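Structure data follow from model.cif (mmCIF, C-alpha atoms):
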data_start
loop_
_atom_site.label_atom_id
_atom_site.label_comp_id
_atom_site.auth_asym_id
_atom_site.auth_seq_id
_atom_site.Cartn_x
_atom_site.Cartn_y
_atom_site.Cartn_z
CA MET A 1 0.00 0.00 0.00
CA PRO A 2 1.68 3.25 -1.11
CA ILE A 3 1.75 6.07 1.42
CA ILE A 4 2.19 9.67 0.28
CA GLU A 5 3.20 12.18 2.95
CA LEU A 6 3.26 15.90 2.22
CA ALA A 7 3.88 18.95 4.39
CA THR A 8 2.83 22.44 3.29
CA HIS A 9 3.67 25.62 5.20
CA ILE A 10 0.89 28.21 4.93
CA ASN A 11 1.04 31.80 6.12
CA ALA A 12 -2.53 31.77 7.46
CA PRO A 13 -4.37 30.69 10.61
CA VAL A 14 -5.17 27.01 11.18
CA ALA A 15 -8.97 27.45 11.07
CA ARG A 16 -8.83 29.05 7.61
CA CYS A 17 -6.59 26.26 6.27
CA PHE A 18 -8.77 23.57 7.85
CA ASP A 19 -11.93 24.99 6.30
CA LEU A 20 -10.35 25.38 2.86
CA ALA A 21 -9.13 21.77 2.96
CA ARG A 22 -12.65 20.49 3.65
CA SER A 23 -14.38 22.90 1.26
CA ILE A 24 -16.13 21.17 -1.62
CA ASP A 25 -15.93 24.39 -3.66
CA MET A 26 -12.16 24.70 -3.08
CA HIS A 27 -11.70 21.07 -4.11
CA VAL A 28 -13.58 21.66 -7.37
CA ASP A 29 -11.54 24.82 -8.07
CA SER A 30 -8.26 23.02 -7.38
CA MET A 31 -9.10 20.05 -9.63
CA GLN A 32 -10.18 21.90 -12.78
CA GLN A 33 -7.64 20.01 -14.92
CA SER A 34 -9.65 16.79 -14.40
CA GLY A 35 -13.07 18.45 -14.70
CA GLU A 36 -13.87 17.24 -11.18
CA THR A 37 -17.34 18.03 -9.86
CA ALA A 38 -19.32 17.01 -6.79
CA VAL A 39 -22.38 15.12 -8.03
CA ALA A 40 -23.96 13.59 -4.89
CA GLY A 41 -23.91 13.86 -1.12
CA ARG A 42 -22.48 17.18 0.03
CA THR A 43 -21.99 19.12 -3.22
CA SER A 44 -20.95 22.54 -1.88
CA GLY A 45 -19.80 24.23 1.29
CA LEU A 46 -17.87 22.56 4.10
CA ILE A 47 -18.07 18.79 4.48
CA GLU A 48 -18.73 17.62 8.04
CA LEU A 49 -18.12 14.47 10.06
CA GLY A 50 -20.18 11.55 8.74
CA GLU A 51 -21.01 13.22 5.43
CA THR A 52 -20.19 11.81 2.01
CA VAL A 53 -19.38 13.39 -1.32
CA THR A 54 -19.38 11.70 -4.70
CA TRP A 55 -16.89 13.12 -7.18
CA ARG A 56 -16.96 12.75 -10.95
CA ALA A 57 -13.67 13.39 -12.73
CA LYS A 58 -11.67 12.41 -15.78
CA HIS A 59 -8.38 10.67 -15.01
CA PHE A 60 -6.27 8.83 -17.60
CA GLY A 61 -8.89 9.72 -20.23
CA ILE A 62 -11.71 7.89 -18.40
CA TRP A 63 -14.64 9.46 -16.55
CA GLN A 64 -14.81 7.99 -13.05
CA THR A 65 -16.86 8.42 -9.90
CA LEU A 66 -15.59 8.09 -6.36
CA THR A 67 -17.49 8.46 -3.09
CA SER A 68 -15.64 9.38 0.08
CA LYS A 69 -16.83 9.85 3.64
CA VAL A 70 -15.42 11.97 6.46
CA THR A 71 -14.82 9.34 9.15
CA GLU A 72 -12.91 11.41 11.73
CA MET A 73 -12.82 15.11 12.59
CA ASP A 74 -11.44 17.23 15.41
CA TYR A 75 -11.88 20.88 14.37
CA PRO A 76 -9.45 22.48 13.52
CA LYS A 77 -6.75 19.86 14.19
CA TYR A 78 -7.48 17.02 11.76
CA PHE A 79 -9.97 15.17 9.64
CA THR A 80 -9.89 11.92 7.71
CA ASP A 81 -11.78 10.95 4.58
CA GLU A 82 -12.00 7.40 3.25
CA MET A 83 -13.24 5.95 0.00
CA VAL A 84 -16.63 4.24 0.19
CA ARG A 85 -16.90 3.44 -3.54
CA GLY A 86 -14.63 4.06 -6.47
CA ALA A 87 -11.73 3.03 -8.65
CA PHE A 88 -9.28 2.29 -5.84
CA LYS A 89 -9.35 -0.91 -3.85
CA ALA A 90 -9.19 1.45 -0.84
CA PHE A 91 -7.92 4.85 0.20
CA ARG A 92 -7.58 6.85 3.40
CA HIS A 93 -6.58 10.52 3.44
CA GLU A 94 -5.57 12.03 6.78
CA HIS A 95 -5.34 15.83 7.00
CA TYR A 96 -3.46 17.41 9.95
CA PHE A 97 -3.14 21.11 10.81
CA TYR A 98 -0.49 22.43 13.22
CA PRO A 99 -0.48 26.07 14.38
CA ILE A 100 2.89 27.83 14.29
CA ASN A 101 2.79 31.54 15.28
CA ASN A 102 -0.53 32.27 13.51
CA GLN A 103 0.66 30.22 10.55
CA THR A 104 -0.08 26.59 9.69
CA LEU A 105 1.79 23.44 8.87
CA MET A 106 -0.65 21.33 6.86
CA LYS A 107 0.27 17.66 6.67
CA ASP A 108 -1.33 15.07 4.38
CA ILE A 109 -0.99 11.32 4.74
CA PHE A 110 -2.62 9.58 1.77
CA MET A 111 -2.70 5.77 1.77
CA PHE A 112 -4.18 3.85 -1.13
CA ASP A 113 -4.45 0.42 -2.68
CA ALA A 114 -4.86 0.17 -6.43
CA PRO A 115 -7.28 -2.44 -7.77
CA LEU A 116 -6.37 -5.38 -10.00
CA GLY A 117 -3.85 -7.20 -7.78
CA TYR A 118 -0.43 -7.45 -9.42
CA LEU A 119 -1.47 -5.14 -12.26
CA GLY A 120 -2.31 -2.52 -9.62
CA ILE A 121 1.10 -2.97 -7.99
CA ILE A 122 2.76 -2.45 -11.37
CA ALA A 123 0.57 0.64 -12.02
CA ASN A 124 1.63 2.06 -8.63
CA PHE A 125 5.28 1.57 -9.51
CA LEU A 126 5.03 2.90 -13.06
CA PHE A 127 2.81 5.96 -12.63
CA LEU A 128 -0.05 5.99 -10.10
CA GLU A 129 1.88 7.06 -6.99
CA ARG A 130 3.59 9.90 -8.92
CA TYR A 131 0.26 10.95 -10.43
CA MET A 132 -1.47 11.05 -7.03
CA THR A 133 1.46 12.92 -5.46
CA ARG A 134 1.30 15.55 -8.21
CA LEU A 135 -2.48 15.97 -7.75
CA LEU A 136 -2.13 16.38 -3.98
CA LYS A 137 0.74 18.89 -4.31
CA GLN A 138 -1.25 20.90 -6.84
CA ARG A 139 -4.29 20.91 -4.57
CA ASN A 140 -2.20 21.98 -1.58
CA GLN A 141 -0.74 24.88 -3.57
CA GLU A 142 -4.27 26.05 -4.40
CA ILE A 143 -5.25 25.83 -0.71
CA LYS A 144 -2.10 27.78 0.22
CA LYS A 145 -2.82 30.45 -2.41
CA ALA A 146 -6.42 30.89 -1.23
CA ALA A 147 -5.50 30.87 2.47
CA GLU A 148 -2.75 33.47 2.02
CA ALA A 149 -4.88 35.80 -0.13
CA PRO A 150 -5.84 39.10 1.51
CA GLN A 151 -9.02 38.77 3.55
CA PRO A 152 -11.76 41.42 3.82
CA PRO A 153 -11.77 43.34 7.10
CA GLU A 154 -13.90 42.12 10.01
CA GLY A 155 -17.53 43.05 9.43
CA GLY A 156 -17.28 42.70 5.66
CA VAL A 157 -16.30 44.93 2.81
CA GLY A 158 -17.61 48.47 2.99
CA THR A 159 -19.03 48.12 6.51
CA ARG A 160 -19.22 51.40 8.41
CA ARG A 161 -18.57 51.51 12.11
#
Starting from the file, give its structure as structure tokens.
Amino acid sequence: MPIIELATHINAPVARCFDLARSIDMHVDSMQQSGETAVAGRTSGLIELGETVTWRAKHFGIWQTLTSKVTEMDYPKYFTDEMVRGAFKAFRHEHYFYPINNQTLMKDIFMFDAPLGYLGIIANFLFLERYMTRLLKQRNQEIKKAAEAPQPPEGGVGTRR
């Protein structure tokens, strides 16, 4: 079972990073290259503990669907989502958020099993682990970019005091 571990330093508070990482809308924005959309379950906003989302995306030239469920959550420290149905034999994605002086260290641990027995093992070796690592890094850069973007002042834009 391949395990991908990534660490991303973000110049933003933990709560903002946590919410962006569990945002369906942010996920869709960060996965535009695969045409990924949420088609069932929670389809927008922030996914919560016990909720599912079904994604539809094109990977390797094939349209696929995958349903994942948030199985653990401790706001704003960590959450875990796991595949319920989809192309993998199994996957588990753990998201951790560590505060460091009003900044965040976001850590991903992504474990997956490819289907098809020995063919899946060969696919992991040849391309799948690299492909998944690239997708996760790209997504994390989009989260970082959004989290570090200037935020409107408290009370909203144009609010008079």
Worksheet item: Once the PyMOL selection byres ((chain A and resi 104) around 7) has been applied to the shown file, what residues remain in the selection, as a list in words?
Response: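 This file, filtered by the PyMOL selection byres ((chain A and resi 104) around 7), leaves His9, Ile10, Asn11, Ala12, Pro13, Val14, Phe97, Tyr98, Pro99, Ile100, Asn102, Gln103, Leu105 and Met106 of chain A.
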Discussion item. Just checking: using only C-alpha atoms, which residue out of A:Ala38, A:Leu126, A:Ile3, A:Ile47 ends up closest to Ser23 of chain A?
Written reply: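 For Ser23 of chain A, the nearest of the given residues is A:Ile47.
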Item to complete: Excluding Leu46 of chain A and residues on its chain fewer than 2 positions from it, collect all residues at most 10 Å away from it, counting all atoms listed in the file, and give them as a count of residues only.
Response: 14
Worksheet item: Skipping near chain neighbours, those fewer than 2 positions away, what residues fall within 8 Å of Phe110 of chain A using all atoms listed in the file, listed as a list in words?
Response: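 Listed by chain and then number, they are Ile3, Ile4, Glu5, Phe91, Arg92, His93, Glu94, Asp108 and Phe112 of chain A.
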Discussion item. Taking only C-alpha atoms into account, name the residue in A:Lys77, A:Arg139, A:Asp113, A:Lys144 that is nearest to Val28 of chain A.
Written reply: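 Comparing A:Lys77, A:Arg139, A:Asp113, A:Lys144 against Val28 of chain A, the winner is A:Arg139.
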Item to complete: Go through A:Val53, A:Cys17, A:Ala149, A:Ile62 and flag the residue nearest Arg85 of chain A, using all atoms listed in the file for the distances.
Response: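 Ranking A:Val53, A:Cys17, A:Ala149, A:Ile62 by distance to Arg85 of chain A, first place goes to A:Val53.
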Discussion item. Show me, as a list in words, the residues that have an atom within 12 Å of Arg130 of chain A when counting all atoms listed in the file, minus same-chain residues fewer than 5 positions from it.
Written reply: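 Result of the neighbour search: Pro2, Ile3, Ile4, Ala123, Asn124, Phe125, Leu135, Leu136 and Lys137 of chain A.
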Worksheet item: Can you list, as a PyMOL selection string, the residues that the PyMOL selection byres ((chain A and resi 63) around 12) selects here?
Response: chain A and resi 34-37+55-62+64-66+86-87
Worksheet entry | Coordinates-based distance that separates atom CA of Glu142 of chain A from atom CA of Met1 of chain A (Å, one decimal) |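 Answer for the atom CA of Met1 of chain A to atom CA of Glu142 of chain A separation: 26.8 Å.
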Worksheet item: For Gln141 of chain A, which residue out of A:Lys89, A:His27, A:Lys69, A:His95 is the nearest one, using all atoms listed in the file?
Response: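 When distances to Gln141 of chain A are compared using all atoms listed in the file, the smallest one comes from A:His27.
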Worksheet item: What separation in Å, quoted to one decimal, exists between atom CA of Pro76 of chain A and atom CA of Gln33 of chain A?
Response: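 Computing the Euclidean distance for atom CA of Pro76 of chain A and atom CA of Gln33 of chain A yields 28.6 Å.
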Response to the item:
Pairwise distance, atom CA of Gly50 of chain A with atom CA of Val70 of chain A, equals 5.3 Å
Worksheet item: Which residue gives the smallest distance to Phe79 of chain A among A:Ala114, A:Ile122, A:Ala15, A:Leu49, with only C-alpha atoms counted?
Response: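 So, comparing all the options, the nearest one is A:Leu49.
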Practice prompt. Can you turn the PyMOL selection byres ((chain A and resi 68) around 6) into a concrete residue list for this file, as a ChimeraX atom specification?
Written response: /A:52-53,67,69,82-84
Print the selection's residues with C-alpha atoms to a file, as a compact mmCIF listing (two decimals), in the frame of the given file.
# COMPACT_ATOMS: atom_id res chain seq x y z
CA THR A 52 -20.19 11.81 2.01
CA VAL A 53 -19.38 13.39 -1.32
CA THR A 67 -17.49 8.46 -3.09
CA LYS A 69 -16.83 9.85 3.64
CA GLU A 82 -12.00 7.40 3.25
CA MET A 83 -13.24 5.95 0.00
CA VAL A 84 -16.63 4.24 0.19
Worksheet item: If we count all atoms listed in the file, what is near Lys107 of chain A at a cut-off of 6 Å, once residues fewer than 5 positions away on the same chain are taken out, given as a PyMOL selection string?
Response: chain A and resi 6-7+95-96
Worksheet entry | Shortest interatomic distance to Tyr75 of chain A - which of A:Ala40, A:Ala147, A:Arg16, A:Arg134, counting all atoms listed in the file |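 Nearest candidate to Tyr75 of chain A out of A:Ala40, A:Ala147, A:Arg16, A:Arg134: A:Arg16.
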Expected file for segment 25-52 of chain A keeping C-alpha atoms, as a PDB file, in the first residue's frame:
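Done, and the output landed in part08.pdb:
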ATOM      1  CA  ASP A  25     -15.932  24.388  -3.658  1.00  0.00           C
ATOM      2  CA  MET A  26     -12.161  24.703  -3.077  1.00  0.00           C
ATOM      3  CA  HIS A  27     -11.703  21.072  -4.113  1.00  0.00           C
ATOM      4  CA  VAL A  28     -13.584  21.658  -7.372  1.00  0.00           C
ATOM      5  CA  ASP A  29     -11.544  24.824  -8.067  1.00  0.00           C
ATOM      6  CA  SER A  30      -8.257  23.019  -7.381  1.00  0.00           C
ATOM      7  CA  MET A  31      -9.097  20.053  -9.630  1.00  0.00           C
ATOM      8  CA  GLN A  32     -10.176  21.903 -12.782  1.00  0.00           C
ATOM      9  CA  GLN A  33      -7.644  20.006 -14.924  1.00  0.00           C
ATOM     10  CA  SER A  34      -9.652  16.786 -14.399  1.00  0.00           C
ATOM     11  CA  GLY A  35     -13.071  18.448 -14.701  1.00  0.00           C
ATOM     12  CA  GLU A  36     -13.867  17.244 -11.184  1.00  0.00           C
ATOM     13  CA  THR A  37     -17.335  18.034  -9.856  1.00  0.00           C
ATOM     14  CA  ALA A  38     -19.321  17.010  -6.790  1.00  0.00           C
ATOM     15  CA  VAL A  39     -22.384  15.117  -8.028  1.00  0.00           C
ATOM     16  CA  ALA A  40     -23.964  13.591  -4.890  1.00  0.00           C
ATOM     17  CA  GLY A  41     -23.912  13.862  -1.119  1.00  0.00           C
ATOM     18  CA  ARG A  42     -22.477  17.182   0.026  1.00  0.00           C
ATOM     19  CA  THR A  43     -21.990  19.116  -3.219  1.00  0.00           C
ATOM     20  CA  SER A  44     -20.951  22.540  -1.882  1.00  0.00           C
ATOM     21  CA  GLY A  45     -19.800  24.233   1.295  1.00  0.00           C
ATOM     22  CA  LEU A  46     -17.869  22.558   4.101  1.00  0.00           C
ATOM     23  CA  ILE A  47     -18.067  18.795   4.482  1.00  0.00           C
ATOM     24  CA  GLU A  48     -18.727  17.620   8.040  1.00  0.00           C
ATOM     25  CA  LEU A  49     -18.116  14.471  10.059  1.00  0.00           C
ATOM     26  CA  GLY A  50     -20.180  11.547   8.744  1.00  0.00           C
ATOM     27  CA  GLU A  51     -21.009  13.224   5.427  1.00  0.00           C
ATOM     28  CA  THR A  52     -20.185  11.805   2.013  1.00  0.00           C
TER      29      THR A  52
END
